[in-house]
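**Q** Structure below; questions to follow.
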Amino acid sequence: GPVCEESVRYCERFLEFLIDLEALLPTRRFFNTVMDDCHVVVRCSMAPLLQRDEGNLFAQLLDMLKFYARFEINDETGDPLTDHDMTQLHYSKIKALQKAAFAKFPDLRLFALSNVANVDTRESLEKHFGALDGKSLKEIACYLNLVPEELAAPFEWHRLDEPFLRELLISRHERRVSQLESLNEMPLYPTEDVIWNENIVPTEYYSGEGCLALPKLNLQFLTLHDYLLRNFNLFRLESTYEIRQDIEDAVSRMLPWQSEEGDVVFGGWARMALPIQSFAVVEVSKPHIGEKKPSRVRADVSVTLNVRKEIQDEWENLRKHDVCFLITVRPTKNIGTKYNYKEHFIPQVGLVHVRGCEIEGMLDANGRVIEEGIEQRPQLAGEQRTYRVWLDSNQYRVDMDLLQTGGDDVYEGFNIIMRRKPKENNFKAVLETIRHLMNTECVVPPWLHDILLGYGDPGAAHYSRMPDQARVMDFNDTFLDIEHVRSSFPGYEVVVN
């Protein structure tokens with residue numbers, strides 16, 4: 001039936017409020033325990049709203065709440081927890097569950113005596129606990145102090161139904177994915193699913209009335225990892241907004257139509273985009289030890305430069321590490337159909353896939369990459385040009401996994417390559433730098449750490465208040481003579497010992 005829009009907005013705002021409380025250390029210290037005791041995340045994950053189209057934003061906000069509910073931080077001290085610390089906490093929870101199973105249920109003896117790695121996945125937990133009835137699940141949950149034994153005051157608001165108890169036990173004990181691991185497995189280029197998702201990348205017509213599934217840059221942050229991650233996500237989405245505008249502009253100018261034979265024909269042209277003549281993945285290297293993604297994925301993209309000389313020069317001057325986008329369109333509009341720019345962009349042009357790539361170089365007549373830095377670039381005959389590009393290994397792995405389950409082969413149908421202005425196209429390098437910082441320990445000196453996160457006295461970082469001030473500094477050959485020193489510090493008295 002119909003859903004009250006005000007009720008949905010209230011649920012979204014309430015989740016946003018919970019996320020704000022969880023993402024600040026002073027409130028999180030107490031509130032996280034209360035939220036955990038009320039099983040808010042489990043209740044929300046079983047809400048019927050998640051199954052409806054109106055619940056898309058609610059689901060994205062719930063993912064953010066789950067993330068902060070299990071954030072890698074000690075709620076009491078505020079110290080960040082390492083992967084080892086989080087693994088130890090997870091193991092202690094599983095061991096407590098195994099003890100409960102061993103003490104109460106002989107039928108679960110196999111679960112109780114198995115090692116943790118064999119039983120801590122959702123599939124394994126569902127297999128062991130799926131056959132238990134509500135009474136058995138309640139006994140285990142009571143043994144672990146997750147629910148009260150009776151729904152008497154003040155606990156009458158608790159849920160003790162069988163589906164809830166089963167989900168509570170499974171979600172609480174399933175193996176967690178390391179934040180750093182999930183970040184390292186994240187593709188850096190936006191895809192069509194992110195680019196046109198208005199809940200995380202709003203349009204210019206966003207009124208500000210509804211909430212968005214975006215991290216906030218507050219005055220305080222939980223840890224340095226939290227600070228960098230919020231900046232990473234926001235910069236990625238800000239770049240995505242600009243990329244969306246560039247794609248819509250370039251593809252609209254190319255006017256993709258469907259021919260009578262069902263092929264794609266282009267009725268226009270764009271300075272920043274060209275039709276692809278052929279595309280082929282030429283190398284998929286084996287993963288490094290401990291990784292799932294291929295170590296390198298390379299492809300060849302062929303285009304025809306039947307454009308003006310200055311535009312041809314721009315395409316031929318694409319440099320190593322320049323980022324381009326590969327686009328698949330399958331238009332349904334017949335030749336000559338006019339676009340209505342007031343309507344949604346994707347259905348009109350038939351856009352299906354968007355994938356990013358990074359230029360390695362243009363190939364010469366022998367199929368070898370033309371190296372940069374050589375004084376005389378070879379003159380290539382004709383208008384056909386082929387570029388060797390690097391694809392995102394993480395995205396390639398995701399796409400291949402989807403292909404195995406019956407999804408589309410994304411890399412079969414690219415028919416547009418789009419470039420961007422170099423000044424606006426440095427987003428991948430920035431994201432890689434932030435990700436590299438998050439993989440590095442001790443990026444910020446201790447005297448700056450608390451101030452950066454929004455705690456302590458800002459004046460404590462002033463050099464005059466630092467405990468281990470350097471009284472002597474060797475400037476080597478910075479200053480030529482005493483007159484050079486005096487001229488470098490006008491308005492100051494220079495005292496010579």
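Please note that chains go A, B, ... in the order of the structure tokens, that every chain numbers its residues from 1, and that ligands are numbered from 1 in the order shown.
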Can you tell me, as an MDAnalysis selection string, which residues in segment 202-373 of chain A count as strand (DSSP E) by DSSP?

**A** chainID A and resid 256:258 264:266 273:284 297:304 323:329 351:362

**Q** List the spatial neighbours of Val303 of chain A as an NGL selection string - criterion: any atom at most 8 Å away, only C-alpha atoms, same-chain residues fewer than 4 positions off excluded.

**A** :A and (274-278 or 384-386)

**Q** Could the residues in this selection be written to a file with C-alpha atoms, as a tab-separated table (two decimals), in the first residue's frame?

**A**
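Okay, this is what ended up in part_15.tsv:
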```
chain	number	residue	atom	x	y	z
A	274	LEU	CA	34.96	10.16	-29.49
A	275	PRO	CA	33.23	6.98	-30.65
A	276	ILE	CA	35.28	3.86	-29.87
A	277	GLN	CA	36.13	1.72	-32.92
A	278	SER	CA	37.38	-1.26	-30.92
A	384	GLN	CA	43.33	5.59	-36.54
A	385	ARG	CA	44.90	5.84	-33.06
A	386	THR	CA	45.13	3.21	-30.32
```

**Q** Counting only C-alpha atoms, which residue out of A:Asp133, A:Glu192, A:Glu76, A:Asp37 sits closest to His158 of chain A?

**A** A:Asp37

**Q** When distances are computed from only C-alpha atoms, which of A:Arg397, A:Arg435, A:His321, A:Arg28 shows the smallest separation from Arg70 of chain A?

**A** A:Arg28

**Q** Using DSSP on the backbone coordinates, identify all residues within segment 389-486 of chain A classified as alpha helix (DSSP H); present the result as an mmCIF file with C-alpha atoms, in the first residue's frame.

**A**
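Below you can see selection-v1.cif, which holds the result:
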```cif
data_model
loop_
_atom_site.group_PDB
_atom_site.id
_atom_site.type_symbol
_atom_site.label_atom_id
_atom_site.label_comp_id
_atom_site.auth_asym_id
_atom_site.auth_seq_id
_atom_site.Cartn_x
_atom_site.Cartn_y
_atom_site.Cartn_z
ATOM 1 C CA SER A 393 41.713 -3.612 -10.810
ATOM 2 C CA ASN A 394 39.159 -3.479 -7.988
ATOM 3 C CA GLN A 395 36.360 -2.539 -10.380
ATOM 4 C CA TYR A 396 37.423 -5.228 -12.862
ATOM 5 C CA ARG A 397 37.213 -7.866 -10.123
ATOM 6 C CA VAL A 398 33.722 -6.659 -9.086
ATOM 7 C CA ASP A 399 32.544 -6.746 -12.717
ATOM 8 C CA MET A 400 33.942 -10.241 -13.295
ATOM 9 C CA ASP A 401 32.249 -11.504 -10.116
ATOM 10 C CA LEU A 402 28.935 -10.098 -11.369
ATOM 11 C CA LEU A 403 29.518 -11.711 -14.767
ATOM 12 C CA GLN A 404 29.892 -15.101 -13.050
ATOM 13 C CA PHE A 427 40.797 13.472 -8.549
ATOM 14 C CA LYS A 428 42.294 9.979 -8.844
ATOM 15 C CA ALA A 429 45.735 11.133 -7.710
ATOM 16 C CA VAL A 430 44.207 12.932 -4.701
ATOM 17 C CA LEU A 431 42.125 9.883 -3.724
ATOM 18 C CA GLU A 432 45.141 7.588 -4.063
ATOM 19 C CA THR A 433 47.157 9.932 -1.822
ATOM 20 C CA ILE A 434 44.477 9.969 0.901
ATOM 21 C CA ARG A 435 44.162 6.181 0.706
ATOM 22 C CA HIS A 436 47.937 5.826 0.959
ATOM 23 C CA LEU A 437 47.925 8.063 4.069
ATOM 24 C CA MET A 438 45.266 5.850 5.650
ATOM 25 C CA PRO A 446 51.517 13.836 18.536
ATOM 26 C CA TRP A 447 51.424 17.590 19.299
ATOM 27 C CA LEU A 448 49.068 18.189 16.345
ATOM 28 C CA HIS A 449 46.983 14.993 16.574
ATOM 29 C CA ASP A 450 44.344 16.057 19.161
ATOM 30 C CA ILE A 451 43.981 19.564 17.718
ATOM 31 C CA LEU A 452 43.371 18.164 14.228
ATOM 32 C CA LEU A 453 40.626 15.919 15.622
ATOM 33 C CA ILE A 482 75.176 38.370 9.445
ATOM 34 C CA GLU A 483 73.785 41.048 7.107
ATOM 35 C CA HIS A 484 71.760 38.377 5.315
ATOM 36 C CA VAL A 485 70.298 37.281 8.673
ATOM 37 C CA ARG A 486 69.308 40.876 9.575
#
```

**Q** Excluding same-chain residues fewer than 2 positions from segment 327-334 of chain A, what lies within 10 Å of it counting only C-alpha atoms, as an MDAnalysis selection string?

**A** chainID A and resid 191:192 247 251 255:260 262:265 273 275:276 324:325 336:339 346:356 410:418

**Q** Just want the 12 Å neighbourhood of Leu113 of chain A, counted on only C-alpha atoms, with same-chain residues fewer than 6 positions away dropped. Output as a PyMOL selection string.

**A** chain A and resi 94-95+97-103+106-107+119

**Q** Can you spit out the residues from that selection as a short mmCIF file (atom, residue, chain, number, x, y, z; two decimals), in the first residue's frame, using N, CA and C atoms?

**A**
```cif
data_model
loop_
_atom_site.label_atom_id
_atom_site.label_comp_id
_atom_site.auth_asym_id
_atom_site.auth_seq_id
_atom_site.Cartn_x
_atom_site.Cartn_y
_atom_site.Cartn_z
N ILE A 94 32.65 -14.66 19.66
CA ILE A 94 32.38 -15.99 19.12
C ILE A 94 32.59 -17.06 20.19
N LYS A 95 33.65 -16.90 20.98
CA LYS A 95 33.92 -17.89 22.05
C LYS A 95 32.79 -17.92 23.06
N LEU A 97 29.68 -17.21 22.44
CA LEU A 97 28.56 -17.90 21.78
C LEU A 97 28.79 -19.41 21.76
N GLN A 98 30.02 -19.83 21.50
CA GLN A 98 30.33 -21.27 21.49
C GLN A 98 30.14 -21.88 22.88
N LYS A 99 30.53 -21.16 23.92
CA LYS A 99 30.34 -21.66 25.29
C LYS A 99 28.85 -21.83 25.60
N ALA A 100 28.04 -20.83 25.15
CA ALA A 100 26.59 -20.93 25.37
C ALA A 100 26.02 -22.13 24.64
N ALA A 101 26.46 -22.34 23.41
CA ALA A 101 25.97 -23.48 22.62
C ALA A 101 26.40 -24.80 23.26
N PHE A 102 27.63 -24.86 23.76
CA PHE A 102 28.15 -26.09 24.37
C PHE A 102 27.41 -26.41 25.67
N ALA A 103 27.10 -25.36 26.45
CA ALA A 103 26.46 -25.57 27.75
C ALA A 103 24.99 -25.90 27.62
N PRO A 106 23.30 -29.70 23.15
CA PRO A 106 24.17 -30.76 22.61
C PRO A 106 24.10 -30.84 21.08
N ASP A 107 22.97 -30.43 20.50
CA ASP A 107 22.84 -30.48 19.04
C ASP A 107 23.83 -29.54 18.34
N VAL A 119 33.28 -20.90 11.48
CA VAL A 119 31.88 -20.70 11.88
C VAL A 119 31.47 -19.23 11.96
#
```

**Q** To one decimal in Å, tell me the separation between atom CA of Leu24 of chain A and atom CA of Gly456 of chain A.

**A**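 Here the two named atoms are 14.5 Å from each other.
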
**Q** So that I can check the surroundings of Lys421 of chain A, please list as a short mmCIF file (atom, residue, chain, number, x, y, z; two decimals) with N, CA and C atoms, in the first residue's frame every protein, DNA and RNA residue that reaches within 12 Å of it, counting only C-alpha atoms and ignoring chain neighbours fewer than 2 positions away.

**A**
```
data_model
loop_
_atom_site.label_atom_id
_atom_site.label_comp_id
_atom_site.auth_asym_id
_atom_site.auth_seq_id
_atom_site.Cartn_x
_atom_site.Cartn_y
_atom_site.Cartn_z
N GLU A 242 31.12 16.65 -10.69
CA GLU A 242 31.71 17.31 -11.87
C GLU A 242 31.79 16.34 -13.04
N ILE A 243 32.13 15.09 -12.75
CA ILE A 243 32.21 14.07 -13.81
C ILE A 243 30.84 13.86 -14.44
N ASP A 246 30.18 16.59 -16.91
CA ASP A 246 30.99 16.42 -18.12
C ASP A 246 30.44 15.32 -19.01
N ARG A 271 33.87 17.76 -28.53
CA ARG A 271 35.32 17.99 -28.48
C ARG A 271 36.00 17.02 -27.52
N MET A 272 35.30 16.70 -26.41
CA MET A 272 35.92 15.91 -25.34
C MET A 272 35.56 14.43 -25.41
N ALA A 273 34.90 13.97 -26.47
CA ALA A 273 34.53 12.56 -26.55
C ALA A 273 34.59 12.07 -28.00
N GLU A 314 44.96 17.70 -29.48
CA GLU A 314 44.60 17.53 -28.07
C GLU A 314 44.51 16.05 -27.71
N TRP A 315 43.90 15.25 -28.58
CA TRP A 315 43.78 13.81 -28.32
C TRP A 315 45.15 13.13 -28.37
N LEU A 318 47.35 13.42 -25.15
CA LEU A 318 46.97 12.81 -23.86
C LEU A 318 48.22 12.24 -23.22
N ARG A 319 48.47 12.58 -21.95
CA ARG A 319 49.70 12.18 -21.29
C ARG A 319 49.49 10.94 -20.44
N ASP A 322 46.81 10.43 -17.44
CA ASP A 322 45.56 11.17 -17.64
C ASP A 322 44.38 10.21 -17.50
N VAL A 323 43.30 10.70 -16.89
CA VAL A 323 42.13 9.85 -16.65
C VAL A 323 41.09 10.09 -17.74
N CYS A 324 40.56 9.00 -18.29
CA CYS A 324 39.47 9.08 -19.26
C CYS A 324 38.32 8.19 -18.77
N MET A 418 35.66 9.35 -23.23
CA MET A 418 35.57 10.77 -22.90
C MET A 418 36.80 11.19 -22.08
N ARG A 419 37.38 12.33 -22.47
CA ARG A 419 38.48 12.88 -21.69
C ARG A 419 37.98 14.13 -20.97
N LYS A 423 43.23 20.30 -15.80
CA LYS A 423 43.19 21.04 -14.53
C LYS A 423 42.11 20.50 -13.59
N GLU A 424 41.05 19.90 -14.17
CA GLU A 424 39.93 19.42 -13.34
C GLU A 424 40.00 17.92 -13.13
N ASN A 425 41.07 17.30 -13.57
CA ASN A 425 41.06 15.84 -13.69
C ASN A 425 42.09 15.16 -12.78
N ASN A 426 42.38 15.78 -11.62
CA ASN A 426 43.40 15.20 -10.74
C ASN A 426 42.79 14.39 -9.60
N PHE A 427 41.49 14.08 -9.69
CA PHE A 427 40.80 13.47 -8.55
C PHE A 427 41.38 12.11 -8.17
#
```

**Q** When you draw a straight line from atom CA of Arg9 of chain A to atom CA of Leu50 of chain A, how long is it in Å?

**A**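 According to the coordinates, atom CA of Arg9 of chain A and atom CA of Leu50 of chain A are separated by 13.6 Å.
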
**Q** Which is closer to Asp364 of chain A than all the others in A:Val282, A:Phe58, A:Glu316, A:Asn340, using only C-alpha atoms?

**A**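 Of A:Val282, A:Phe58, A:Glu316, A:Asn340, the one nearest Asp364 of chain A is A:Glu316, counting only C-alpha atoms.
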
**Q** Quick one: of A:Val201, A:Val495, A:Asp83, A:Ala141, who's nearest to Lys104 of chain A, counting only C-alpha atoms?

**A**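 Answer, going by the shortest atom-to-atom distance: A:Ala141.
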